[in-house]
Amino acid sequence: MVPTHRRTWLHANLHFRGNPMFQRVPRTSPIFSSKREDGIVENAVQFRSTSASVQSTKKAWVKACDGFYVYRLTRSPGTNYRYCEATPGCKHARELEDQWRVNSRKLESSRYEGSVFGNDGWVYFSQGLKRLPESPPPKSVGGCTYNGYIESHPKQGEGAVPRVMKFPGVDKEQMIEVENCGDKYVYFLTKSIQNDYCYVADTDVCSEDVYKEVNDVRRLHYSHKYGTGFTRFDLDNKFNGWIRYTIGEGRMMEKPPALTNMCTTEYQGWIDGTHPKENEGVVSRKVCWKYNGNDCYSSNEISVKNCGGYYVYGIAKPPPNNQWGHCVEQDKTEVCEAATKLNNPRRGMLTPTTEYIHDQQKIVQDGYYRFMSGLGRLTAFQVKDENCGGKYRVLINAVLEKDEENGDALFALRMHTTGWTGSVYRNVGLKCDGYWVYRLFNINTNQLAYCVEEDVCESSEIKWIYSTKYLQWLGERTTADNEWHVLSQGWYEVKVGNRRLAYSPSDVYDCSATYPGYINSPPPKIEDGIVPGQICYRTSTSADTSSCTAISMKMCADKELYYLTKSPNANYAICVETDVCSMVEGTPLDDTWRLSGTPKAAGGRDVFSVGWYRVTIGNERLAHTREEAKCGATYQGWMTLGRHPAASEGTVNTKVCYDTGNGQESNCRKAQVVNCGGHYLYHLEPASTHYGVCIESSEDSMCKNYGELGEDWRSTEYAATVDKSDHATLVPGWYRFTTGLGRMATHCPDYQHGGGYYPSYAYDLPELPSQEEGVKQFTIFWRHSSSCTWTSLKGYVRNCGDYPVYWLPKQGNGHTTYNVEADSCDAAQYEVIDDERRLAWKPATDKQSDHTMKTGWYRFNNGLKKINEECTPQAYGGAEYPGWMEGGHPDVGQTVTRTVFFRYSTNCKQTSKSIKVKNCGSFYIYRLVPTAGSRGYTVASEPCDSDARQFDQVDRSIYERSTSMTNDNGIAEGWYQFTTGSGVMPKAPPMPKSCRTQYPTWLNDPDPSPGEGVVTRTLCSVNGNNDCQWQKEIKVRNCGNNKMLYYLTASPPYSASRYCVEDSMDNICKTAKALNDDWRGSNKPGTGKDDKSLPEDGTSSAHTGRGWPTTLSGRTSAERTTRST
């Protein structure tokens, strides 16, 4: 070892660990995998303590040389910290030769590795397979309760590699190192593990000296615990280790037994998965324990190995008590074929007893038996005392469980002698290929006989029922000569009606009885043989099972038979099933609230009485699943049968249940359903308030199933000359309006219109929802006197594409109606206004007012034939205070609400009125209301057609300059035309003080073309060197033919500004004054002349303020735009 106080390169094979109490560091870093071509590799050296935590870390460098490594190391962290050299495990490992270190040896006494292992270091095993297990070993084998395993071993040449050792049954892991030495594996192990934890070697679990053979036949699948008590063998909870089953198929079942207590156990163990293949080695599998109907009530892990021709199972943890046991697979065919045959023909249920059979002497050994007489199966029929070959006859008392997949069943058997007697026994019956076998046991009772079913269908003792007065649904109550009350005991066949007794309860007072009876059991099947059933009598509407008696039933190939006794008294009679479809029409069930998609809030409820009903809307049948029950009832109902029967099934019993919001079936009512071929009939009973059964239908079924509202008086334009009302006659449901626009009014109608005093409208439904939006809720308001929101209810609307349908609730107030939007575009529905005075840009010389106008629809037929949409000057459009509309016009077919504002002085929105506007395609109509005094609705007009005011002053030219300034502040608002100069405003900044104003104006936008209509442009005022000191927007219209109009207000961009006109240079050249004084020549001597008389602004006084001297010219437009200080 080199000194630790200096850095150096050393040649060694290092193993890094801390002080003497250490845990080995896994060789996972590059320092242990360095190759020569890698050069120098940097790594970290960890120093660990007894707690295995890293106490300190140092950098180290390693280089691989030819056959050795060299390291560059630094000083260790402190006392007891040192670099350790690795010890070759294959050369220095010591042997673990303890005989108890194998995982197949049963635990004899617990050991502690801390006391028996010795020093930490490399070891190898000399027992078993001489290696650690690679799968969880059983618990409590070898020398400890918990034994370690690793998941894999390294290949030879990989060197020492790290592995995680796990201990099954506890959350315990430990890091170790493993090396493959060719002839053995060596492990670097420590003794610092807890008490009762050991290292054990793996063994060949397929070896006969390792596993234990288990041949207890009670573990077989078809072994069953019989009798009234229950006892389980106690093998499983005393053994753990490796076992092999040498019974049955030799392997555990891979699915749970279908019947209870098979495998002679209460908790049946089966493998949840598949068995391993031979090359998979030892694998882990989950064992589920079936109990009380739960296929995996509890579970645990076991080990399984495929040994070629058989399997072995490692039980690491025994079951908790002696009622738990594994189930071993068994061939059912072998059980059937091996059953003991019982041939005595006297045990038939119809065979009179001439001699007792004494089965208590024949069935001594528990096992499976097969009856060779009769139909070869036990009977559930209560045979006569003199039949079946025994005083105590063993019959099927009930079917407790049935394996629907394989047909096997668990029966309750009981002795019968003039009545049931003795204990009830649980016996298994296996349905084999064409016959049954039963697991029977000895019942130590003298004169005992198991009774076998015989073919009653061929019996000569069958009696007939042929009276038609007992047919169901005739509603007859005659109880005289009631044959049922004097009926003799025996087998009966029905010869009338549907040739079988009724399987559904009739109404009271039916079938010629006060209390009609019916079979309250499922119909038998041919393969079931004779089955028990019961007849129940309906003694009231709510009590249809208050009085019941037991019967037997048998389905033959061509008939159905019943073993009957007389009815309780003369008021009781059994109904004969009849063809309901031919006897009953069925009351139509056509309430549209029952359709899918109708919201719960619609408030539908069942108000029908008990009886037969036929669905005539939707899919013409009731909803038969909870998912389909989505209709307009608070508590939505459905038929719980889950399907609709075939026509061959006749009348089928079911229930109608309701969803009260807790996810449970609530307030269920008995019901019957019959398939009549083209339709279904339902026998229904009403439920409580707010309960309603739904109809199967699509989400848009209301688009096909609705009531029509087509009365002319429903139009909002219809005056109430007669008093109509919906409050007493309209049933809540889906409706379609078939007059007017086919949709509900969306504006407040006039009082006493729409056929009644109080018309309605859709308050918050300005537009119909899209088809994709489905059903949408809205508010319905009714108009009363001057109130548009007198009273309200919630309605629903569905857009069906070509038309809407509405869910309309019941209105409790009289004189209320549901109203349709009138087709206002019909010429009969509006009044035409043709008044030139209303033109928006026409000054009002003959003023009028709309304060006397009647509320209604109007169409304008002059100007642009639509209401004006721009603020009109006061005293324009025929009124002192003209109105204009804000918000724009709607698209074709749309009706919208808009606001009309009235101009007062400079206030464009001094007062307002709300109106309706509709686009009729080629024209607009307006629902107008009376205005205040001196106010009127104006019509949009073309400014070019109006009488525009004229600017004819020549001094508005941008080339006119004067010391006498003026401005346009206070001019009348309106459209103006320049009749001088170029007739248009300048498009470049004029010279200051031109246009006879201190602050001349110019248009900072191009002139519009004639096709652009009225446009907005920016008007600027020049102030010194600032070309646009002030600005405002104005309206401009190019009328063509050199006519440009400007809508100007009394306020220019600046109060001292003036509206200027562009002028051409040609005009200036033509009007300029010539300065041709001879003395002005530059070669002339001074004469004392001067130009003090010329205006300071450059104009010539000789032209009365107009014109330019020829030597003083203004700037061209181009020059003006490039002016600089």
# chains A, B, ... in the order shown; residues from 1 in each chain; ligands from 1
call {"tool": "select_by_dssp", "arguments": {"residues": "region 244-360 of chain A", "states": "alpha helix (DSSP H)", "output": "list in words"}}
result
Lys332, Thr333, Glu334, Val335, Cys336, Glu337, Ala338, Asp359 and Gln360 of chain A
call {"tool": "select_by_dssp", "arguments": {"residues": "region 92-232 of chain A", "states": "strand (DSSP E)", "output": "number ranges by chain"}}
result
A: 94-96, 121-125, 146-147, 161-166, 173-180, 185-189, 197-198, 212-214
call {"tool": "residues_around", "arguments": {"residues": "region 188-198 of chain A", "least_positions_apart": "6", "cutoff": "7 Å", "atoms": "only C-alpha atoms", "output": "PyMOL selection string"}}
result
chain A and resi 110-114+117-123+143-148+176-178
call {"tool": "atom_distance", "arguments": {"atom1": "CA of Val328 (chain A)", "atom2": "CA of Ala398 (chain A)"}}
result
28.2 Å
call {"tool": "residues_around", "arguments": {"residues": "region 657-666 of chain A", "least_positions_apart": "5", "cutoff": "6 Å", "atoms": "only C-alpha atoms", "output": "ChimeraX atom specification"}}
result
/A:635-638
call {"tool": "write_last_selection", "arguments": {"atoms": "C-alpha atoms", "output": "tab-separated table (two decimals), in the first residue's frame"}}
result
chain	number	residue	atom	x	y	z
A	635	TYR	CA	-87.49	11.27	-13.37
A	636	GLN	CA	-87.01	9.42	-16.64
A	637	GLY	CA	-88.26	5.86	-17.02
A	638	TRP	CA	-87.29	2.89	-19.18
call {"tool": "atom_distance", "arguments": {"atom1": "CA of Lys130 (chain A)", "atom2": "CA of Ser284 (chain A)"}}
result
21.5 Å
call {"tool": "closest_residue", "arguments": {"among": "A:Arg798, A:Arg377, A:His221, A:His784", "to": "Cys703 (chain A)", "atoms": "only C-alpha atoms"}}
result
A:Arg798
call {"tool": "atom_distance", "arguments": {"atom1": "CA of Lys277 (chain A)", "atom2": "CA of Lys139 (chain A)"}}
result
24.1 Å
call {"tool": "closest_residue", "arguments": {"among": "A:Ala822, A:Ile396, A:Cys1060, A:Cys581", "to": "Asp952 (chain A)", "atoms": "only C-alpha atoms"}}
result
A:Cys1060
call {"tool": "residues_around", "arguments": {"residues": "Met253 (chain A)", "least_positions_apart": "6", "cutoff": "9 Å", "atoms": "only C-alpha atoms", "output": "count of residues only"}}
result
10
call {"tool": "residues_around", "arguments": {"residues": "Thr598 (chain A)", "least_positions_apart": "3", "cutoff": "8 Å", "atoms": "only C-alpha atoms", "output": "list in words"}}
result
Trp593, Arg594, Leu595, Ala602, Lys630, Cys631, Gly632, Val775 and Trp807 of chain A
call {"tool": "write_last_selection", "arguments": {"atoms": "N, CA, C and O atoms", "output": "short mmCIF file (atom, residue, chain, number, x, y, z; two decimals), in the first residue's frame"}}
result
data_model
loop_
_atom_site.label_atom_id
_atom_site.label_comp_id
_atom_site.auth_asym_id
_atom_site.auth_seq_id
_atom_site.Cartn_x
_atom_site.Cartn_y
_atom_site.Cartn_z
N TRP A 593 -93.18 14.98 -25.18
CA TRP A 593 -92.14 15.17 -24.16
C TRP A 593 -91.40 13.87 -23.87
O TRP A 593 -90.34 13.87 -23.25
N ARG A 594 -91.97 12.75 -24.32
CA ARG A 594 -91.33 11.46 -24.09
C ARG A 594 -90.16 11.20 -25.05
O ARG A 594 -89.45 10.20 -24.92
N LEU A 595 -89.96 12.07 -26.03
CA LEU A 595 -88.92 11.86 -27.04
C LEU A 595 -87.54 12.18 -26.48
O LEU A 595 -87.37 13.07 -25.64
N ALA A 602 -88.73 20.06 -19.04
CA ALA A 602 -90.03 20.13 -19.71
C ALA A 602 -91.14 19.68 -18.78
O ALA A 602 -92.31 20.04 -18.96
N LYS A 630 -83.72 9.49 -22.09
CA LYS A 630 -83.32 10.89 -22.00
C LYS A 630 -84.44 11.74 -22.58
O LYS A 630 -84.40 12.17 -23.72
N CYS A 631 -85.47 11.98 -21.78
CA CYS A 631 -86.63 12.70 -22.29
C CYS A 631 -87.04 13.79 -21.33
O CYS A 631 -86.31 14.12 -20.38
N GLY A 632 -88.22 14.34 -21.54
CA GLY A 632 -88.65 15.54 -20.82
C GLY A 632 -89.36 15.30 -19.52
O GLY A 632 -90.24 16.08 -19.16
N VAL A 775 -80.93 21.10 -29.00
CA VAL A 775 -82.03 21.77 -28.30
C VAL A 775 -81.48 22.93 -27.49
O VAL A 775 -80.50 22.77 -26.76
N TRP A 807 -90.61 23.42 -27.95
CA TRP A 807 -91.25 22.79 -26.79
C TRP A 807 -92.00 23.90 -26.05
O TRP A 807 -91.40 24.85 -25.54
#
call {"tool": "residues_around", "arguments": {"residues": "Asn520 (chain A)", "least_positions_apart": "3", "cutoff": "7 Å", "atoms": "only C-alpha atoms", "output": "list in words"}}
result
Tyr503, Gln534, Ile535 and Cys536 of chain A
call {"tool": "closest_residue", "arguments": {"among": "A:Met262, A:Glu95, A:Tyr69, A:Leu448", "to": "Arg414 (chain A)", "atoms": "only C-alpha atoms"}}
result
A:Leu448
call {"tool": "closest_residue", "arguments": {"among": "A:Val1015, A:Ala840, A:Ala728, A:Leu73", "to": "Asn43 (chain A)", "atoms": "only C-alpha atoms"}}
result
A:Leu73
